file structure-v2.txt (compact mmCIF, C-alpha atoms)
# COMPACT_ATOMS: atom_id res chain seq x y z
CA MET M 1 0.00 0.00 0.00
CA ILE M 2 1.69 3.21 -1.16
CA PRO M 3 1.84 6.03 1.42
CA SER M 4 -0.42 8.43 -0.47
CA LEU M 5 -3.19 5.81 -0.65
CA ALA M 6 -2.64 4.93 3.00
CA ALA M 7 -3.05 8.61 3.93
CA ASP M 8 -6.35 8.79 2.06
CA ARG M 9 -7.67 5.64 3.74
CA ASN M 10 -6.60 7.00 7.11
CA ASN M 11 -8.56 10.19 6.48
CA ASP M 12 -11.60 8.18 5.44
CA ALA M 13 -11.41 6.33 8.76
CA VAL M 14 -11.13 9.60 10.69
CA SER M 15 -14.30 10.77 8.96
CA LEU M 16 -16.00 7.61 10.22
CA ILE M 17 -14.80 8.39 13.74
CA ASP M 18 -16.15 11.92 13.42
CA THR M 19 -19.58 10.57 12.49
CA GLY M 20 -19.60 7.96 15.26
CA ASN M 21 -19.23 4.90 13.02
CA MET M 22 -16.58 3.26 15.19
CA ASP M 23 -17.05 -0.31 13.98
CA ALA M 24 -16.35 0.68 10.38
CA ALA M 25 -13.44 2.87 11.49
CA ILE M 26 -11.91 0.01 13.48
CA CYS M 27 -12.27 -2.35 10.53
CA GLY M 28 -10.73 0.10 8.07
CA LEU M 29 -7.87 1.11 10.34
CA SER M 30 -7.08 -2.49 11.28
CA HIS M 31 -6.66 -3.36 7.60
CA LEU M 32 -4.67 -0.16 7.08
CA VAL M 33 -2.23 -0.91 9.90
CA GLU M 34 -1.65 -4.42 8.58
CA GLY M 35 -1.31 -3.29 4.98
CA PHE M 36 1.10 -0.50 5.80
CA ARG M 37 3.18 -2.82 7.99
CA ASN M 38 3.58 -5.12 5.00
CA PHE M 39 4.51 -2.15 2.80
CA VAL M 40 7.22 -1.05 5.23
CA CYS M 41 8.62 -4.58 5.45
CA ASP M 42 8.76 -4.82 1.66
CA HIS M 43 10.31 -1.37 1.19
CA ASN M 44 13.11 -1.09 3.72
CA ASN M 45 15.12 0.89 1.17
CA PRO M 46 12.59 3.16 -0.55
CA ASN M 47 13.43 4.76 -3.85
CA GLU M 48 14.37 8.35 -3.04
CA ASN M 49 13.12 9.46 -6.45
CA SER M 50 9.68 7.92 -6.08
CA GLU M 51 6.63 10.14 -6.38
CA ASP M 52 5.89 9.95 -2.67
CA ASN M 53 9.33 11.35 -1.83
CA LEU M 54 9.10 14.29 -4.22
CA ARG M 55 6.33 16.20 -2.46
CA PRO M 56 7.16 19.85 -1.71
CA THR M 57 6.32 20.16 1.99
CA THR M 58 7.31 18.37 5.19
CA LEU M 59 5.08 18.03 8.25
CA SER M 60 5.76 16.74 11.73
CA LEU M 61 3.42 14.55 13.74
CA ASP M 62 2.31 17.45 15.94
CA GLN M 63 1.66 19.59 12.86
CA CYS M 64 -0.63 16.87 11.52
CA MET M 65 -2.50 16.94 14.83
CA ALA M 66 -2.74 20.74 14.74
CA ILE M 67 -4.32 20.85 11.30
CA SER M 68 -6.71 18.06 12.34
CA GLN M 69 -8.20 20.18 15.12
CA PRO M 70 -11.83 21.25 14.59
CA CYS M 71 -12.63 24.93 14.67
CA LYS M 72 -13.33 26.30 18.16
CA ALA M 73 -17.05 26.71 17.55
CA ASP M 74 -17.39 23.01 16.75
CA ASP M 75 -15.81 21.65 19.91
CA ASP M 76 -16.74 24.23 22.55
CA GLU M 77 -19.94 22.47 23.55
CA ASP M 78 -18.33 19.04 23.93
CA GLU M 79 -15.20 20.13 25.76
CA ALA M 80 -16.07 23.23 27.74
CA SER M 81 -17.75 21.27 30.51
CA SER M 82 -14.50 19.38 31.08
CA THR M 83 -12.31 22.46 31.20
CA ASP M 84 -14.20 25.41 32.65
CA SER M 85 -14.74 24.42 36.26
CA GLY M 86 -12.10 24.44 38.95
CA GLU M 87 -14.32 22.50 41.35
CA HIS M 88 -13.83 18.81 42.08
CA SER M 89 -16.80 16.51 42.60
CA ASP M 90 -17.56 12.82 42.88
CA ASP M 91 -18.50 12.80 39.20
CA ASP M 92 -15.12 14.09 38.00
CA GLN M 93 -13.79 10.68 37.03
CA ALA M 94 -16.86 9.96 34.91
CA ASN M 95 -16.48 13.35 33.22
CA ARG M 96 -12.79 13.13 32.42
CA PHE M 97 -11.68 14.98 29.32
CA VAL M 98 -10.98 12.58 26.45
CA TYR M 99 -8.97 13.66 23.43
CA ARG M 100 -11.39 12.69 20.65
CA THR M 101 -9.84 14.16 17.51
CA GLY M 102 -8.51 11.70 14.96
CA ILE M 103 -5.32 12.65 13.13
CA ARG M 104 -5.69 13.47 9.45
CA MET M 105 -2.89 13.45 6.89
CA PRO M 106 -2.65 15.76 3.85
CA SER M 107 -2.24 13.32 0.98
CA SER M 108 -0.32 15.91 -1.05
CA VAL M 109 2.34 16.43 1.59
CA ALA M 110 5.53 14.46 2.07
CA PHE M 111 7.16 13.68 5.38
CA ASP M 112 10.76 13.52 6.48
CA LYS M 113 13.05 10.50 6.51
CA ASP M 114 11.04 9.05 9.40
CA ARG M 115 7.85 8.97 7.33
CA ASP M 116 7.08 5.32 8.01
CA ARG M 117 7.31 5.80 11.77
CA LEU M 118 5.18 8.93 11.61
CA MET M 119 2.46 7.34 9.50
CA SER M 120 2.40 4.19 11.60
CA SER M 121 2.06 6.30 14.76
CA ILE M 122 -0.91 8.14 13.27
CA PHE M 123 -2.65 4.95 12.16
CA LEU M 124 -2.15 3.34 15.57
CA PHE M 125 -3.38 6.42 17.44
CA ASN M 126 -6.55 6.58 15.35
CA LEU M 127 -7.16 2.85 15.80
CA GLY M 128 -6.70 3.17 19.56
CA LEU M 129 -9.05 6.15 19.63
CA ALA M 130 -11.73 4.28 17.69
CA HIS M 131 -11.56 1.39 20.17
CA GLN M 132 -11.76 3.78 23.13
CA LEU M 133 -14.74 5.71 21.78
CA ARG M 134 -16.49 2.47 20.83
CA ALA M 135 -16.01 1.22 24.39
CA GLU M 136 -17.44 4.46 25.79
CA ALA M 137 -20.66 3.88 23.86
CA ILE M 138 -21.26 0.50 25.50
CA THR M 139 -23.47 0.66 28.59
CA LYS M 140 -24.84 -2.86 29.10
CA ASN M 141 -22.00 -5.24 28.27
CA ALA M 142 -19.14 -4.74 30.72
CA GLU M 143 -17.09 -7.60 29.28
CA GLN M 144 -17.20 -6.21 25.75
CA GLN M 145 -16.38 -2.74 27.02
CA HIS M 146 -13.42 -4.08 28.99
CA THR M 147 -12.13 -5.93 25.91
CA LEU M 148 -12.29 -2.80 23.77
CA TYR M 149 -10.60 -0.69 26.43
CA ALA M 150 -7.85 -3.30 26.76
CA LYS M 151 -7.29 -3.25 22.99
CA ALA M 152 -7.17 0.55 23.02
CA LEU M 153 -4.51 0.46 25.75
CA LYS M 154 -2.39 -1.98 23.78
CA ILE M 155 -2.63 0.03 20.57
CA TYR M 156 -1.95 3.36 22.27
CA GLY M 157 1.02 1.70 23.96
CA LEU M 158 2.47 0.64 20.61
CA ALA M 159 2.16 4.19 19.27
CA PHE M 160 3.76 5.60 22.43
CA LYS M 161 6.69 3.16 22.29
CA MET M 162 7.21 3.98 18.63
CA GLN M 163 7.83 7.61 19.56
CA GLU M 164 9.89 6.60 22.59
CA ARG M 165 12.20 4.37 20.55
CA GLY M 166 12.63 7.08 17.95
CA GLY M 167 13.55 9.71 20.53
CA TYR M 168 10.75 12.08 19.49
CA PHE M 169 9.47 13.10 22.92
CA ASN M 170 10.91 16.60 22.52
CA SER M 171 9.20 17.26 19.20
CA ASN M 172 5.79 15.61 19.42
CA PHE M 173 4.40 16.90 22.71
CA HIS M 174 0.83 17.15 21.43
CA PHE M 175 0.85 13.49 20.44
CA ILE M 176 2.47 12.33 23.68
CA MET M 177 0.03 14.33 25.82
CA ALA M 178 -3.00 13.01 23.95
CA ILE M 179 -1.88 9.41 24.45
CA LEU M 180 -0.97 9.87 28.12
CA ASN M 181 -4.31 11.55 28.74
CA ASN M 182 -6.41 8.91 27.01
CA ILE M 183 -4.49 6.00 28.53
CA GLY M 184 -4.97 7.57 31.96
CA VAL M 185 -8.71 7.88 31.39
CA ILE M 186 -8.97 4.25 30.28
CA HIS M 187 -6.99 2.96 33.27
CA GLU M 188 -9.26 4.93 35.57
CA ARG M 189 -12.42 3.57 33.97
CA MET M 190 -11.04 0.04 34.22
CA GLY M 191 -10.34 0.55 37.92
CA SER M 192 -6.54 0.70 37.63
CA LEU M 193 -6.25 3.89 39.66
CA ILE M 194 -2.53 3.64 40.37
CA LEU M 195 -1.71 3.31 36.67
CA ALA M 196 -4.09 6.18 35.91
CA LYS M 197 -2.35 8.45 38.41
CA GLN M 198 1.02 7.54 36.91
CA CYS M 199 -0.19 8.56 33.45
CA PHE M 200 -1.69 11.82 34.67
CA GLY M 201 1.48 12.52 36.66
CA LYS M 202 3.58 12.15 33.51
CA LEU M 203 1.07 14.33 31.68
CA MET M 204 1.44 17.05 34.31
CA SER M 205 5.23 16.89 33.97
CA VAL M 206 4.98 17.51 30.23
CA LEU M 207 2.50 20.34 30.76
CA MET M 208 4.77 22.01 33.32
CA LEU M 209 7.72 21.73 30.95
CA LEU M 210 5.77 23.34 28.13
CA THR M 211 4.46 26.06 30.42
CA GLU M 212 8.00 26.83 31.55
CA ARG M 213 9.22 27.00 27.97
CA LYS M 214 6.19 29.07 26.92
CA CYS M 215 6.11 27.10 23.69
CA TYR M 216 2.50 25.90 23.77
CA ASP M 217 -0.82 27.68 23.50
CA THR M 218 -2.45 26.99 26.85
CA SER M 219 -5.69 28.60 25.68
CA LYS M 220 -6.46 25.60 23.49
CA LEU M 221 -9.42 23.63 24.80
CA TYR M 222 -7.61 20.31 24.62
CA VAL M 223 -4.67 21.73 26.60
CA LYS M 224 -7.13 22.93 29.25
CA GLY M 225 -8.60 19.44 29.26
CA PHE M 226 -5.17 17.92 29.85
CA PHE M 227 -4.56 20.36 32.71
CA THR M 228 -7.95 19.54 34.24
CA ASN M 229 -7.30 15.80 34.24
CA ALA M 230 -3.73 16.10 35.48
CA SER M 231 -4.55 18.60 38.22
CA LEU M 232 -7.54 16.56 39.38
CA SER M 233 -5.31 13.51 39.71
CA CYS M 234 -2.79 15.52 41.75
CA HIS M 235 -5.62 16.84 43.93
CA GLU M 236 -6.88 13.31 44.58
CA ALA M 237 -3.37 12.11 45.44
CA CYS M 238 -2.86 14.96 47.90
CA THR M 239 -6.26 14.35 49.48
CA ALA M 240 -5.49 10.65 49.91
CA ALA M 241 -2.09 11.43 51.43
CA ALA M 242 -3.62 13.89 53.88
CA ALA M 243 -6.20 11.34 54.96
call {"tool": "encode", "arguments": {"input": "structure-v2.txt", "output": "structure tokens"}}
result
Amino acid sequence: MIPSLAADRNNDAVSLIDTGNMDAAICGLSHLVEGFRNFVCDHNNPNENSEDNLRPTTLSLDQCMAISQPCKADDDEDEASSTDSGEHSDDDQANRFVYRTGIRMPSSVAFDKDRDRLMSSIFLFNLGLAHQLRAEAITKNAEQQHTLYAKALKIYGLAFKMQERGGYFNSNFHFIMAILNNIGVIHERMGSLILAKQCFGKLMSVLMLLTERKCYDTSKLYVKGFFTNASLSCHEACTAAAA
């Protein structure tokens, strides 16, 4: 599967996520991940003069996430309730902010020498997101929900390790924060509170680093959502320690 076709199929799957058709998105992305893995295995030494390597522009993973963001008017209603209040209640865990935006890829844009890693990370993130959102929609089958959450954790973990092995933590903060946030939410909903707190603690560390560097727009709704989740986890930890 050539990269340009893979990008188009990824974007089709993100459109399915946007419309709530998670089963179709999971099916499409599962085939995409497998097909692209085979492509990478068969093309360890890609032709530098191929069409896909002659595109004029280069994008990073975080830039792909930035251009995938909906306009503010579209996501205010869904996210504001998770970010506006500074109060903590018993319902906070149920109302955790979830990063719900799939990552789109401009099919007319080339990527750097780490293209295969970048594309694989995007496909895995979207597949993990589709599993997570599908699990959220289940209300009467705890076993099925648990299975989907477990799959989402595994897939997110693969995407995270792909960035970790490549040494990209200092360049793809948006991606890392989204994964840490969503993994933390899943752990919490599965009852793994210690693992959830570890994820939110790491998320807070990244947020503090970015705040110190003043290199991130903290007015973004999703950044506020990350702060809300991370600060709530810290608040709960302090409350438990005091007790």
call {"tool": "residues_around", "arguments": {"input": "structure-v2.txt", "residues": "segment 129-133 of chain M", "least_positions_apart": "5", "cutoff": "9 Å", "atoms": "only C-alpha atoms", "output": "number ranges by chain"}}
result
M: 14, 17, 20-23, 25-26, 29, 99-102, 124, 145, 148-153, 155-156, 182, 186
call {"tool": "residues_around", "arguments": {"input": "structure-v2.txt", "residues": "Ile67 of chain M", "least_positions_apart": "3", "cutoff": "12 Å", "atoms": "all atoms listed in the file", "output": "number ranges by chain"}}
result
M: 59-64, 70-71, 101-106, 174
call {"tool": "residues_near_point", "arguments": {"input": "structure-v2.txt", "point": "(3.9, 0.8, 3.6)", "cutoff": "7 Å", "atoms": "all atoms listed in the file", "output": "list of chain:residue names"}}
result
M:Met1, M:Ile2, M:Pro3, M:Gly35, M:Phe36, M:Arg37, M:Asn38, M:Phe39, M:Val40
call {"tool": "closest_residue", "arguments": {"input": "structure-v2.txt", "among": "M:Thr19, M:Asn172, M:Thr147, M:Asn141", "to": "Ile122 of chain M", "atoms": "all atoms listed in the file"}}
result
M:Asn172
call {"tool": "residues_near_point", "arguments": {"input": "structure-v2.txt", "point": "(-11.3, -0.3, 8.2)", "cutoff": "10 Å", "atoms": "all atoms listed in the file", "output": "PyMOL selection string"}}
result
chain M and resi 9-10+12-13+16+22-33+127
call {"tool": "residues_around", "arguments": {"input": "structure-v2.txt", "residues": "Phe200 of chain M", "least_positions_apart": "5", "cutoff": "9 Å", "atoms": "all atoms listed in the file", "output": "list in words"}}
result
Leu180, Asn181, Ile183, Gly184, Val185, Leu195, Ser205, Phe226, Asn229, Ala230, Ser231, Leu232, Ser233 and Cys234 of chain M
call {"tool": "write_last_selection", "arguments": {"input": "structure-v2.txt", "atoms": "C-alpha atoms", "output": "mmCIF file, in the frame of the given file"}}
result
data_model
loop_
_atom_site.group_PDB
_atom_site.id
_atom_site.type_symbol
_atom_site.label_atom_id
_atom_site.label_comp_id
_atom_site.auth_asym_id
_atom_site.auth_seq_id
_atom_site.Cartn_x
_atom_site.Cartn_y
_atom_site.Cartn_z
ATOM 1 C CA LEU M 180 -0.970 9.870 28.120
ATOM 2 C CA ASN M 181 -4.310 11.550 28.740
ATOM 3 C CA ILE M 183 -4.490 6.000 28.530
ATOM 4 C CA GLY M 184 -4.970 7.570 31.960
ATOM 5 C CA VAL M 185 -8.710 7.880 31.390
ATOM 6 C CA LEU M 195 -1.710 3.310 36.670
ATOM 7 C CA SER M 205 5.230 16.890 33.970
ATOM 8 C CA PHE M 226 -5.170 17.920 29.850
ATOM 9 C CA ASN M 229 -7.300 15.800 34.240
ATOM 10 C CA ALA M 230 -3.730 16.100 35.480
ATOM 11 C CA SER M 231 -4.550 18.600 38.220
ATOM 12 C CA LEU M 232 -7.540 16.560 39.380
ATOM 13 C CA SER M 233 -5.310 13.510 39.710
ATOM 14 C CA CYS M 234 -2.790 15.520 41.750
#
call {"tool": "atom_distance", "arguments": {"input": "structure-v2.txt", "atom1": "atom CA of Met65 of chain M", "atom2": "atom CA of Glu188 of chain M"}}
result
24.9 Å
call {"tool": "closest_residue", "arguments": {"input": "structure-v2.txt", "among": "M:Asp114, M:Asp8, M:Glu136, M:Glu164", "to": "Met190 of chain M", "atoms": "all atoms listed in the file"}}
result
M:Glu136
call {"tool": "decode", "arguments": {"input": "structure-v2.txt", "residues": "segment 187-201 of chain M", "atoms": "all heavy atoms", "output": "PDB file, in the first residue's frame"}}
result
ATOM      1  N   HIS M 187      -7.390   3.664  32.039  1.00  0.00           N
ATOM      2  CA  HIS M 187      -6.991   2.963  33.267  1.00  0.00           C
ATOM      3  C   HIS M 187      -7.965   3.273  34.403  1.00  0.00           C
ATOM      4  O   HIS M 187      -8.360   2.380  35.165  1.00  0.00           O
ATOM      5  CB  HIS M 187      -5.577   3.380  33.678  1.00  0.00           C
ATOM      6  CG  HIS M 187      -4.492   2.638  32.966  1.00  0.00           C
ATOM      7  ND1 HIS M 187      -4.483   1.264  32.833  1.00  0.00           N
ATOM      8  CD2 HIS M 187      -3.350   3.080  32.354  1.00  0.00           C
ATOM      9  CE1 HIS M 187      -3.404   0.884  32.175  1.00  0.00           C
ATOM     10  NE2 HIS M 187      -2.704   1.957  31.867  1.00  0.00           N
ATOM     11  N   GLU M 188      -8.351   4.520  34.499  1.00  0.00           N
ATOM     12  CA  GLU M 188      -9.260   4.925  35.567  1.00  0.00           C
ATOM     13  C   GLU M 188     -10.615   4.239  35.419  1.00  0.00           C
ATOM     14  O   GLU M 188     -11.198   3.756  36.395  1.00  0.00           O
ATOM     15  CB  GLU M 188      -9.426   6.442  35.538  1.00  0.00           C
ATOM     16  CG  GLU M 188      -9.983   7.026  36.816  1.00  0.00           C
ATOM     17  CD  GLU M 188      -9.850   8.533  36.833  1.00  0.00           C
ATOM     18  OE1 GLU M 188     -10.530   9.191  36.023  1.00  0.00           O
ATOM     19  OE2 GLU M 188      -9.058   9.050  37.639  1.00  0.00           O
ATOM     20  N   ARG M 189     -11.114   4.177  34.197  1.00  0.00           N
ATOM     21  CA  ARG M 189     -12.422   3.566  33.971  1.00  0.00           C
ATOM     22  C   ARG M 189     -12.384   2.048  34.113  1.00  0.00           C
ATOM     23  O   ARG M 189     -13.420   1.417  34.326  1.00  0.00           O
ATOM     24  CB  ARG M 189     -12.947   3.982  32.597  1.00  0.00           C
ATOM     25  CG  ARG M 189     -13.298   5.464  32.573  1.00  0.00           C
ATOM     26  CD  ARG M 189     -13.818   5.954  31.259  1.00  0.00           C
ATOM     27  NE  ARG M 189     -14.138   7.380  31.355  1.00  0.00           N
ATOM     28  CZ  ARG M 189     -14.495   8.139  30.329  1.00  0.00           C
ATOM     29  NH1 ARG M 189     -14.586   7.609  29.120  1.00  0.00           N
ATOM     30  NH2 ARG M 189     -14.761   9.421  30.506  1.00  0.00           N
ATOM     31  N   MET M 190     -11.176   1.477  34.006  1.00  0.00           N
ATOM     32  CA  MET M 190     -11.036   0.039  34.217  1.00  0.00           C
ATOM     33  C   MET M 190     -10.703  -0.283  35.671  1.00  0.00           C
ATOM     34  O   MET M 190     -10.522  -1.451  36.022  1.00  0.00           O
ATOM     35  CB  MET M 190      -9.957  -0.520  33.288  1.00  0.00           C
ATOM     36  CG  MET M 190     -10.313  -0.439  31.811  1.00  0.00           C
ATOM     37  SD  MET M 190      -8.992  -1.068  30.735  1.00  0.00           S
ATOM     38  CE  MET M 190      -9.103  -2.837  31.055  1.00  0.00           C
ATOM     39  N   GLY M 191     -10.606   0.752  36.500  1.00  0.00           N
ATOM     40  CA  GLY M 191     -10.344   0.546  37.916  1.00  0.00           C
ATOM     41  C   GLY M 191      -8.883   0.477  38.297  1.00  0.00           C
ATOM     42  O   GLY M 191      -8.558   0.215  39.458  1.00  0.00           O
ATOM     43  N   SER M 192      -7.984   0.730  37.346  1.00  0.00           N
ATOM     44  CA  SER M 192      -6.542   0.704  37.632  1.00  0.00           C
ATOM     45  C   SER M 192      -6.095   2.108  38.027  1.00  0.00           C
ATOM     46  O   SER M 192      -5.442   2.824  37.254  1.00  0.00           O
ATOM     47  CB  SER M 192      -5.765   0.211  36.403  1.00  0.00           C
ATOM     48  OG  SER M 192      -6.205  -1.064  36.000  1.00  0.00           O
ATOM     49  N   LEU M 193      -6.440   2.505  39.240  1.00  0.00           N
ATOM     50  CA  LEU M 193      -6.253   3.891  39.659  1.00  0.00           C
ATOM     51  C   LEU M 193      -4.785   4.271  39.805  1.00  0.00           C
ATOM     52  O   LEU M 193      -4.404   5.414  39.531  1.00  0.00           O
ATOM     53  CB  LEU M 193      -6.998   4.136  40.972  1.00  0.00           C
ATOM     54  CG  LEU M 193      -8.511   3.883  40.926  1.00  0.00           C
ATOM     55  CD1 LEU M 193      -9.153   4.261  42.254  1.00  0.00           C
ATOM     56  CD2 LEU M 193      -9.157   4.659  39.782  1.00  0.00           C
ATOM     57  N   ILE M 194      -3.956   3.336  40.232  1.00  0.00           N
ATOM     58  CA  ILE M 194      -2.529   3.639  40.372  1.00  0.00           C
ATOM     59  C   ILE M 194      -1.910   3.928  39.003  1.00  0.00           C
ATOM     60  O   ILE M 194      -1.151   4.897  38.834  1.00  0.00           O
ATOM     61  CB  ILE M 194      -1.792   2.474  41.066  1.00  0.00           C
ATOM     62  CG1 ILE M 194      -2.267   2.339  42.515  1.00  0.00           C
ATOM     63  CG2 ILE M 194      -0.280   2.699  41.022  1.00  0.00           C
ATOM     64  CD1 ILE M 194      -1.639   1.173  43.254  1.00  0.00           C
ATOM     65  N   LEU M 195      -2.229   3.091  38.017  1.00  0.00           N
ATOM     66  CA  LEU M 195      -1.709   3.314  36.666  1.00  0.00           C
ATOM     67  C   LEU M 195      -2.247   4.621  36.086  1.00  0.00           C
ATOM     68  O   LEU M 195      -1.531   5.339  35.378  1.00  0.00           O
ATOM     69  CB  LEU M 195      -2.087   2.140  35.765  1.00  0.00           C
ATOM     70  CG  LEU M 195      -1.418   0.803  36.088  1.00  0.00           C
ATOM     71  CD1 LEU M 195      -1.964  -0.303  35.180  1.00  0.00           C
ATOM     72  CD2 LEU M 195       0.095   0.911  35.941  1.00  0.00           C
ATOM     73  N   ALA M 196      -3.506   4.923  36.387  1.00  0.00           N
ATOM     74  CA  ALA M 196      -4.091   6.176  35.908  1.00  0.00           C
ATOM     75  C   ALA M 196      -3.340   7.372  36.477  1.00  0.00           C
ATOM     76  O   ALA M 196      -2.998   8.319  35.749  1.00  0.00           O
ATOM     77  CB  ALA M 196      -5.570   6.246  36.291  1.00  0.00           C
ATOM     78  N   LYS M 197      -3.064   7.339  37.768  1.00  0.00           N
ATOM     79  CA  LYS M 197      -2.346   8.451  38.409  1.00  0.00           C
ATOM     80  C   LYS M 197      -0.939   8.595  37.846  1.00  0.00           C
ATOM     81  O   LYS M 197      -0.417   9.711  37.717  1.00  0.00           O
ATOM     82  CB  LYS M 197      -2.307   8.245  39.927  1.00  0.00           C
ATOM     83  CG  LYS M 197      -3.635   8.532  40.616  1.00  0.00           C
ATOM     84  CD  LYS M 197      -3.545   8.332  42.117  1.00  0.00           C
ATOM     85  CE  LYS M 197      -4.818   8.825  42.815  1.00  0.00           C
ATOM     86  NZ  LYS M 197      -6.026   8.128  42.342  1.00  0.00           N
ATOM     87  N   GLN M 198      -0.308   7.471  37.512  1.00  0.00           N
ATOM     88  CA  GLN M 198       1.023   7.537  36.910  1.00  0.00           C
ATOM     89  C   GLN M 198       0.971   8.244  35.556  1.00  0.00           C
ATOM     90  O   GLN M 198       1.831   9.080  35.246  1.00  0.00           O
ATOM     91  CB  GLN M 198       1.590   6.128  36.751  1.00  0.00           C
ATOM     92  CG  GLN M 198       1.968   5.457  38.060  1.00  0.00           C
ATOM     93  CD  GLN M 198       2.414   4.021  37.872  1.00  0.00           C
ATOM     94  OE1 GLN M 198       2.309   3.448  36.782  1.00  0.00           O
ATOM     95  NE2 GLN M 198       2.917   3.415  38.939  1.00  0.00           N
ATOM     96  N   CYS M 199      -0.042   7.920  34.765  1.00  0.00           N
ATOM     97  CA  CYS M 199      -0.188   8.563  33.452  1.00  0.00           C
ATOM     98  C   CYS M 199      -0.449  10.057  33.595  1.00  0.00           C
ATOM     99  O   CYS M 199       0.171  10.880  32.908  1.00  0.00           O
ATOM    100  CB  CYS M 199      -1.327   7.910  32.671  1.00  0.00           C
ATOM    101  SG  CYS M 199      -0.948   6.278  32.023  1.00  0.00           S
ATOM    102  N   PHE M 200      -1.365  10.405  34.492  1.00  0.00           N
ATOM    103  CA  PHE M 200      -1.687  11.817  34.672  1.00  0.00           C
ATOM    104  C   PHE M 200      -0.516  12.577  35.294  1.00  0.00           C
ATOM    105  O   PHE M 200      -0.333  13.769  35.040  1.00  0.00           O
ATOM    106  CB  PHE M 200      -2.949  11.972  35.521  1.00  0.00           C
ATOM    107  CG  PHE M 200      -4.203  11.535  34.816  1.00  0.00           C
ATOM    108  CD1 PHE M 200      -5.118  10.695  35.443  1.00  0.00           C
ATOM    109  CD2 PHE M 200      -4.473  11.955  33.526  1.00  0.00           C
ATOM    110  CE1 PHE M 200      -6.276  10.289  34.795  1.00  0.00           C
ATOM    111  CE2 PHE M 200      -5.628  11.552  32.864  1.00  0.00           C
ATOM    112  CZ  PHE M 200      -6.532  10.718  33.504  1.00  0.00           C
ATOM    113  N   GLY M 201       0.284  11.885  36.111  1.00  0.00           N
ATOM    114  CA  GLY M 201       1.477  12.519  36.660  1.00  0.00           C
ATOM    115  C   GLY M 201       2.484  12.843  35.570  1.00  0.00           C
ATOM    116  O   GLY M 201       3.086  13.926  35.552  1.00  0.00           O
TER     117      GLY M 201
END
